[in-house]
>>> print(open('structure-v3.cif').read())   # mmCIF, C-alpha atoms
data_structure
loop_
_atom_site.label_atom_id
_atom_site.label_comp_id
_atom_site.auth_asym_id
_atom_site.auth_seq_id
_atom_site.Cartn_x
_atom_site.Cartn_y
_atom_site.Cartn_z
CA MET Y 27 22.08 32.50 73.31
CA GLU Y 28 24.43 31.37 70.52
CA ALA Y 29 21.87 28.81 69.28
CA ARG Y 30 19.18 31.51 69.11
CA LEU Y 31 21.51 33.88 67.22
CA LEU Y 32 22.45 31.11 64.80
CA SER Y 33 18.76 30.33 64.29
CA ILE Y 34 18.01 34.00 63.53
CA VAL Y 35 20.94 34.27 61.07
CA CYS Y 36 19.90 31.04 59.30
CA GLY Y 37 16.32 32.31 59.13
CA LEU Y 38 17.40 35.61 57.57
CA PHE Y 39 19.61 33.80 55.05
CA LEU Y 40 16.69 31.53 54.11
CA LEU Y 41 14.41 34.55 53.72
CA ILE Y 42 16.92 36.26 51.38
CA LEU Y 43 17.33 33.05 49.39
CA LEU Y 44 13.57 32.61 49.06
CA GLN Y 45 13.18 36.20 47.89
CA ALA Y 46 15.70 35.56 45.12
CA GLU Y 47 13.91 32.33 44.17
CA SER Y 48 10.41 33.77 43.86
CA THR Y 49 8.91 35.98 41.21
CA ALA Y 50 8.34 39.44 42.66
CA VAL Y 51 6.20 40.87 39.86
CA GLU Y 52 2.99 40.12 38.05
CA LEU Y 53 4.52 39.79 34.60
CA VAL Y 54 2.97 41.85 31.80
CA PRO Y 55 4.50 40.41 28.59
CA GLU Y 56 3.79 43.49 26.46
CA LYS Y 57 5.71 45.69 28.88
CA ILE Y 58 8.80 43.50 29.31
CA ALA Y 59 9.10 42.73 25.60
CA GLY Y 60 11.89 44.45 23.67
CA PHE Y 61 15.58 45.18 24.04
CA TRP Y 62 17.58 44.53 27.24
CA LYS Y 63 21.34 45.07 27.74
CA GLU Y 64 23.10 42.77 30.22
CA VAL Y 65 24.95 44.77 32.85
CA ALA Y 66 25.83 42.41 35.69
CA VAL Y 67 25.89 38.71 36.48
CA ALA Y 68 25.93 36.87 39.79
CA SER Y 69 26.56 33.17 40.25
CA ASP Y 70 28.00 30.82 42.81
CA GLN Y 71 29.74 29.05 39.92
CA ASN Y 72 32.91 30.79 38.74
CA LEU Y 73 32.76 28.69 35.55
CA VAL Y 74 29.58 30.53 34.49
CA LEU Y 75 31.31 33.89 34.82
CA LYS Y 76 34.37 32.88 32.82
CA ALA Y 77 32.50 31.57 29.76
CA GLN Y 78 34.13 32.43 26.43
CA ARG Y 79 30.76 33.31 24.89
CA ARG Y 80 29.18 36.16 26.87
CA VAL Y 81 25.66 37.50 26.51
CA GLU Y 82 25.56 41.25 25.93
CA GLY Y 83 21.92 41.80 25.05
CA LEU Y 84 18.50 40.22 24.64
CA PHE Y 85 15.43 41.00 22.59
CA LEU Y 86 12.26 39.45 24.03
CA THR Y 87 9.03 38.83 22.10
CA PHE Y 88 5.87 37.02 23.16
CA HIS Y 89 3.44 34.94 21.11
CA GLY Y 90 0.70 33.51 23.31
CA ARG Y 91 2.38 31.29 25.93
CA ASN Y 92 5.72 31.33 24.11
CA LEU Y 93 8.68 33.60 24.80
CA THR Y 94 11.22 34.12 22.01
CA VAL Y 95 14.64 35.25 23.20
CA LYS Y 96 17.06 36.60 20.65
CA ALA Y 97 20.43 36.83 22.41
CA VAL Y 98 23.55 38.52 21.11
CA TYR Y 99 26.85 37.13 22.34
CA ASN Y 100 30.41 38.37 22.30
CA SER Y 101 32.50 35.35 21.46
CA SER Y 102 36.19 36.32 21.54
CA GLY Y 103 35.44 39.69 19.94
CA SER Y 104 32.91 38.46 17.36
CA CYS Y 105 29.20 39.13 17.70
CA THR Y 106 26.85 36.17 17.21
CA THR Y 107 23.13 35.80 17.74
CA GLU Y 108 21.01 32.88 18.85
CA THR Y 109 17.25 32.59 19.04
CA SER Y 110 15.46 30.29 21.50
CA VAL Y 111 11.76 29.74 22.06
CA GLY Y 112 10.49 28.85 25.51
CA SER Y 113 7.05 28.17 26.87
CA LYS Y 114 5.32 29.73 29.85
CA ARG Y 115 4.99 27.59 32.95
CA ASP Y 116 2.12 27.63 35.41
CA THR Y 117 3.95 30.04 37.73
CA VAL Y 118 3.89 33.71 36.67
CA GLY Y 119 7.21 34.81 35.19
CA GLU Y 120 8.65 31.32 34.61
CA PHE Y 121 9.58 29.95 31.19
CA ALA Y 122 11.07 26.61 30.17
CA PHE Y 123 13.43 26.26 27.20
CA PRO Y 124 14.87 23.25 25.37
CA GLY Y 125 18.02 21.77 26.90
CA HIS Y 126 16.87 21.88 30.54
CA ARG Y 127 17.02 25.69 30.69
CA GLU Y 128 14.63 27.97 32.56
CA ILE Y 129 14.18 31.72 32.96
CA TYR Y 130 12.48 33.34 35.95
CA VAL Y 131 11.61 37.03 36.01
CA LEU Y 132 12.48 38.05 39.57
CA ASP Y 133 11.97 41.81 39.40
CA THR Y 134 11.36 44.53 36.83
CA ASP Y 135 10.01 48.04 36.47
CA TYR Y 136 9.55 47.33 32.72
CA GLU Y 137 11.02 50.68 31.63
CA ARG Y 138 14.55 50.71 33.07
CA TYR Y 139 15.59 47.34 34.49
CA THR Y 140 14.83 43.66 34.85
CA ILE Y 141 16.43 40.97 37.00
CA LEU Y 142 16.31 37.42 35.68
CA LYS Y 143 17.31 34.10 37.14
CA LEU Y 144 18.56 31.57 34.61
CA SER Y 145 18.83 27.92 35.52
CA LEU Y 146 20.33 25.18 33.42
CA LEU Y 147 21.39 21.59 33.74
CA TRP Y 148 24.85 21.06 32.27
CA GLN Y 149 27.05 18.00 32.62
CA GLY Y 150 24.74 16.65 35.32
CA ARG Y 151 24.96 19.79 37.47
CA ASN Y 152 22.42 22.55 38.07
CA PHE Y 153 23.72 26.07 37.47
CA HIS Y 154 21.89 29.21 38.58
CA VAL Y 155 22.74 32.71 37.41
CA LEU Y 156 21.14 36.01 38.36
CA LYS Y 157 21.37 38.65 35.64
CA TYR Y 158 20.71 42.38 35.71
CA PHE Y 159 19.57 44.08 32.48
CA THR Y 160 18.76 47.67 31.50
CA ARG Y 161 16.97 49.12 28.50
CA SER Y 162 19.67 51.77 28.15
CA LEU Y 163 23.04 51.31 26.53
CA GLU Y 164 24.49 54.07 28.72
CA ASN Y 165 22.88 54.11 32.19
CA GLU Y 166 23.77 51.16 34.38
CA ASP Y 167 23.51 52.77 37.82
CA GLU Y 168 19.74 52.54 38.03
CA PRO Y 169 17.56 51.76 41.06
CA GLY Y 170 17.34 48.19 39.72
CA PHE Y 171 21.07 47.76 40.12
CA TRP Y 172 20.76 48.41 43.85
CA ARG Y 173 17.91 45.91 44.00
CA PHE Y 174 20.17 43.41 42.21
CA ARG Y 175 22.95 44.08 44.72
CA GLU Y 176 20.52 43.51 47.60
CA MET Y 177 19.41 40.19 46.12
CA THR Y 178 22.96 38.91 45.64
CA ALA Y 179 25.03 40.51 48.42
CA GLY Y 180 24.23 38.05 51.19
CA GLN Y 181 24.68 34.95 49.06
CA GLY Y 182 28.42 35.05 48.43
CA LEU Y 183 27.96 35.25 44.68
CA TYR Y 184 30.46 36.61 42.18
CA MET Y 185 29.59 39.71 40.16
CA LEU Y 186 30.95 40.79 36.84
CA ALA Y 187 30.01 43.84 34.78
CA ARG Y 188 29.67 43.25 31.05
CA HIS Y 189 30.48 45.84 28.40
CA GLY Y 190 30.73 45.60 24.64
CA ARG Y 191 29.51 46.57 21.23
CA CYS Y 192 27.36 43.52 20.42
CA ALA Y 193 24.40 44.80 22.46
CA GLU Y 194 24.48 48.02 20.45
CA LEU Y 195 24.11 46.03 17.23
CA LEU Y 196 21.07 44.14 18.56
CA LYS Y 197 19.37 47.34 19.70
CA GLU Y 198 19.99 48.99 16.31
CA VAL Y 199 18.35 46.19 14.31
CA SER Y 200 15.51 45.29 16.71
CA PRO Y 201 12.22 47.12 16.43
CA LEU Y 202 10.93 48.48 19.74
CA PRO Y 203 7.48 47.38 20.91
CA LEU Y 204 4.81 50.09 20.75
CA VAL Y 205 4.26 49.98 24.52
CA TYR Y 206 7.94 50.77 25.11
CA ILE Y 207 7.96 53.58 22.50
CA ALA Y 208 4.84 55.14 24.06
CA ALA Y 209 6.44 54.98 27.52
CA GLN Y 210 9.56 56.75 26.25
CA LEU Y 211 7.53 59.53 24.62
CA SER Y 212 5.43 60.29 27.71
#
>>> encode(input="structure-v3.cif", output="structure tokens")
Amino acid sequence: MEARLLSIVCGLFLLILLQAESTAVELVPEKIAGFWKEVAVASDQNLVLKAQRRVEGLFLTFHGRNLTVKAVYNSSGSCTTETSVGSKRDTVGEFAFPGHREIYVLDTDYERYTILKLSLLWQGRNFHVLKYFTRSLENEDEPGFWRFREMTAGQGLYMLARHGRCAELLKEVSPLPLVYIAAQLS
């Protein structure tokens, strides 16, 4: 009886882990492009959560198979930006960036939230981080947040809400894609 229960629990854990590893959406680049504010982070590595330089917002643009990510960071109270260009992989929603970094789009509704998995190789170790983003600077308690909680709750990951003014600066200077503007007007 105990062996069967253990088998069921292990199977459920594996199912949850596989859900978090796979892309849940057919990615439409035009719809996901634009501004995203980071709201929450989950990682099994405490080091990732305590980084001095914290992402507050992203602006995504697509050019063919390339994804350009303009990130704004809060680094000890100062706002800095960094731009990286990655290329699309064969799997939908996966992008590879220089420096052994990858981004996977796990879930999105395009208009209110997106959940990304970032993977990087640093000092010989693989780090994985799940991140929850919203389009809004104000609303964080969206349906996507509950989806994010579902994806991370059973994995023993740390969570940390991020707040700051750097994301506001990125949204102010970044033009919105026409698809996003049309969606907001309708």
>>> closest_residue(input="structure-v3.cif", among="Y:Val65, Y:Leu86, Y:Ile58, Y:Leu142", to="Ser162 of chain Y", atoms="only C-alpha atoms")
Y:Val65
>>> atom_distance(input="structure-v3.cif", atom1="atom CA of Ala66 of chain Y", atom2="atom CA of Asp116 of chain Y")
27.9 Å
>>> closest_residue(input="structure-v3.cif", among="Y:Val67, Y:Val54, Y:Leu195, Y:Ala59", to="Lys157 of chain Y", atoms="only C-alpha atoms")
Y:Val67
>>> atom_distance(input="structure-v3.cif", atom1="atom CA of Leu156 of chain Y", atom2="atom CA of Tyr139 of chain Y")
13.2 Å
>>> closest_residue(input="structure-v3.cif", among="Y:Ala179, Y:Phe121, Y:Thr107, Y:Phe88", to="Lys57 of chain Y", atoms="all atoms listed in the file")
Y:Phe88
>>> atom_distance(input="structure-v3.cif", atom1="atom CA of Gly90 of chain Y", atom2="atom CA of Phe159 of chain Y")
23.5 Å
>>> resolve_selection(input="structure-v3.cif", expression="the PyMOL selection byres ((chain Y and resi 55) around 12)", output="ChimeraX atom specification")
/Y:51-54,56-60,86-94,114,118-121,131,134,136,203,205-206
>>> closest_residue(input="structure-v3.cif", among="Y:Lys143, Y:Glu164, Y:Tyr158, Y:Val95", to="Arg191 of chain Y", atoms="all atoms listed in the file")
Y:Glu164
>>> closest_residue(input="structure-v3.cif", among="Y:Met177, Y:Leu196, Y:Ala77, Y:Val155", to="Glu108 of chain Y", atoms="all atoms listed in the file")
Y:Leu196
>>> resolve_selection(input="structure-v3.cif", expression="the PyMOL selection byres ((chain Y and resi 83) around 8)", output="compact mmCIF listing (two decimals) with C-alpha atoms, keeping the file's coordinate frame")
# COMPACT_ATOMS: atom_id res chain seq x y z
CA PHE Y 61 15.58 45.18 24.04
CA TRP Y 62 17.58 44.53 27.24
CA LYS Y 63 21.34 45.07 27.74
CA GLU Y 64 23.10 42.77 30.22
CA VAL Y 81 25.66 37.50 26.51
CA GLU Y 82 25.56 41.25 25.93
CA LEU Y 84 18.50 40.22 24.64
CA PHE Y 85 15.43 41.00 22.59
CA ALA Y 97 20.43 36.83 22.41
CA VAL Y 98 23.55 38.52 21.11
CA TYR Y 99 26.85 37.13 22.34
CA CYS Y 192 27.36 43.52 20.42
CA ALA Y 193 24.40 44.80 22.46
CA LEU Y 196 21.07 44.14 18.56
>>> closest_residue(input="structure-v3.cif", among="Y:Val111, Y:Leu146, Y:Cys105, Y:Ile141", to="Gly125 of chain Y", atoms="only C-alpha atoms")
Y:Leu146
>>> residues_around(input="structure-v3.cif", residues="Ser101 of chain Y", least_positions_apart="6", cutoff="7 Å", atoms="all atoms listed in the file", output="count of residues only")
3
>>> residues_near_point(input="structure-v3.cif", point="(24.5, 23.2, 35.8)", cutoff="12 Å", atoms="all atoms listed in the file", output="PyMOL selection string")
chain Y and resi 69-74+125-128+144-155
>>> build_atoms(input="structure-v3.cif", residues="segment 90-117 of chain Y", atoms="N, CA and C atoms", output="JSON list (two decimals), in the frame of the given file")
[["chain", "number", "residue", "atom", "x", "y", "z"],
["Y", 90, "GLY", "N", 1.51, 34.39, 22.46],
["Y", 90, "GLY", "CA", 0.70, 33.51, 23.31],
["Y", 90, "GLY", "C", 1.47, 33.11, 24.55],
["Y", 91, "ARG", "N", 1.65, 31.80, 24.77],
["Y", 91, "ARG", "CA", 2.38, 31.29, 25.93],
["Y", 91, "ARG", "C", 3.87, 31.14, 25.66],
["Y", 92, "ASN", "N", 4.31, 31.50, 24.47],
["Y", 92, "ASN", "CA", 5.72, 31.33, 24.11],
["Y", 92, "ASN", "C", 6.50, 32.63, 24.25],
["Y", 93, "LEU", "N", 7.74, 32.49, 24.70],
["Y", 93, "LEU", "CA", 8.68, 33.60, 24.80],
["Y", 93, "LEU", "C", 9.83, 33.31, 23.84],
["Y", 94, "THR", "N", 10.08, 34.23, 22.91],
["Y", 94, "THR", "CA", 11.22, 34.12, 22.01],
["Y", 94, "THR", "C", 12.31, 35.04, 22.52],
["Y", 95, "VAL", "N", 13.49, 34.49, 22.73],
["Y", 95, "VAL", "CA", 14.64, 35.25, 23.20],
["Y", 95, "VAL", "C", 15.68, 35.25, 22.11],
["Y", 96, "LYS", "N", 15.96, 36.44, 21.60],
["Y", 96, "LYS", "CA", 17.06, 36.60, 20.65],
["Y", 96, "LYS", "C", 18.21, 37.18, 21.46],
["Y", 97, "ALA", "N", 19.28, 36.42, 21.60],
["Y", 97, "ALA", "CA", 20.43, 36.83, 22.41],
["Y", 97, "ALA", "C", 21.60, 37.15, 21.49],
["Y", 98, "VAL", "N", 22.32, 38.20, 21.84],
["Y", 98, "VAL", "CA", 23.55, 38.52, 21.11],
["Y", 98, "VAL", "C", 24.71, 38.26, 22.07],
["Y", 99, "TYR", "N", 25.70, 37.55, 21.55],
["Y", 99, "TYR", "CA", 26.85, 37.13, 22.34],
["Y", 99, "TYR", "C", 28.12, 37.77, 21.79],
["Y", 100, "ASN", "N", 29.06, 38.01, 22.69],
["Y", 100, "ASN", "CA", 30.41, 38.37, 22.30],
["Y", 100, "ASN", "C", 31.24, 37.12, 22.50],
["Y", 101, "SER", "N", 31.72, 36.58, 21.41],
["Y", 101, "SER", "CA", 32.50, 35.35, 21.46],
["Y", 101, "SER", "C", 33.90, 35.68, 20.95],
["Y", 102, "SER", "N", 34.80, 35.97, 21.87],
["Y", 102, "SER", "CA", 36.19, 36.32, 21.54],
["Y", 102, "SER", "C", 36.26, 37.49, 20.56],
["Y", 103, "GLY", "N", 35.42, 38.49, 20.77],
["Y", 103, "GLY", "CA", 35.44, 39.69, 19.94],
["Y", 103, "GLY", "C", 34.49, 39.68, 18.76],
["Y", 104, "SER", "N", 33.88, 38.55, 18.45],
["Y", 104, "SER", "CA", 32.91, 38.46, 17.36],
["Y", 104, "SER", "C", 31.50, 38.41, 17.93],
["Y", 105, "CYS", "N", 30.59, 39.11, 17.27],
["Y", 105, "CYS", "CA", 29.20, 39.13, 17.70],
["Y", 105, "CYS", "C", 28.42, 38.03, 16.99],
["Y", 106, "THR", "N", 27.71, 37.21, 17.76],
["Y", 106, "THR", "CA", 26.85, 36.17, 17.21],
["Y", 106, "THR", "C", 25.49, 36.25, 17.88],
["Y", 107, "THR", "N", 24.47, 35.81, 17.17],
["Y", 107, "THR", "CA", 23.13, 35.80, 17.74],
["Y", 107, "THR", "C", 22.58, 34.38, 17.77],
["Y", 108, "GLU", "N", 21.67, 34.18, 18.70],
["Y", 108, "GLU", "CA", 21.01, 32.88, 18.85],
["Y", 108, "GLU", "C", 19.58, 33.16, 19.27],
["Y", 109, "THR", "N", 18.66, 32.42, 18.69],
["Y", 109, "THR", "CA", 17.25, 32.59, 19.04],
["Y", 109, "THR", "C", 16.74, 31.29, 19.66],
["Y", 110, "SER", "N", 16.05, 31.43, 20.80],
["Y", 110, "SER", "CA", 15.46, 30.29, 21.50],
["Y", 110, "SER", "C", 14.01, 30.60, 21.81],
["Y", 111, "VAL", "N", 13.18, 29.58, 21.74],
["Y", 111, "VAL", "CA", 11.76, 29.74, 22.06],
["Y", 111, "VAL", "C", 11.44, 28.88, 23.27],
["Y", 112, "GLY", "N", 10.89, 29.53, 24.29],
["Y", 112, "GLY", "CA", 10.49, 28.85, 25.51],
["Y", 112, "GLY", "C", 9.00, 28.96, 25.71],
["Y", 113, "SER", "N", 8.48, 28.14, 26.59],
["Y", 113, "SER", "CA", 7.05, 28.17, 26.87],
["Y", 113, "SER", "C", 6.79, 28.55, 28.32],
["Y", 114, "LYS", "N", 5.70, 29.26, 28.53],
["Y", 114, "LYS", "CA", 5.32, 29.73, 29.85],
["Y", 114, "LYS", "C", 4.94, 28.54, 30.72],
["Y", 115, "ARG", "N", 5.37, 28.60, 31.97],
["Y", 115, "ARG", "CA", 4.99, 27.59, 32.95],
["Y", 115, "ARG", "C", 3.77, 28.08, 33.70],
["Y", 116, "ASP", "N", 3.30, 27.26, 34.63],
["Y", 116, "ASP", "CA", 2.12, 27.63, 35.41],
["Y", 116, "ASP", "C", 2.37, 28.77, 36.38],
["Y", 117, "THR", "N", 3.61, 28.96, 36.81],
["Y", 117, "THR", "CA", 3.95, 30.04, 37.73],
["Y", 117, "THR", "C", 4.24, 31.30, 36.92]]
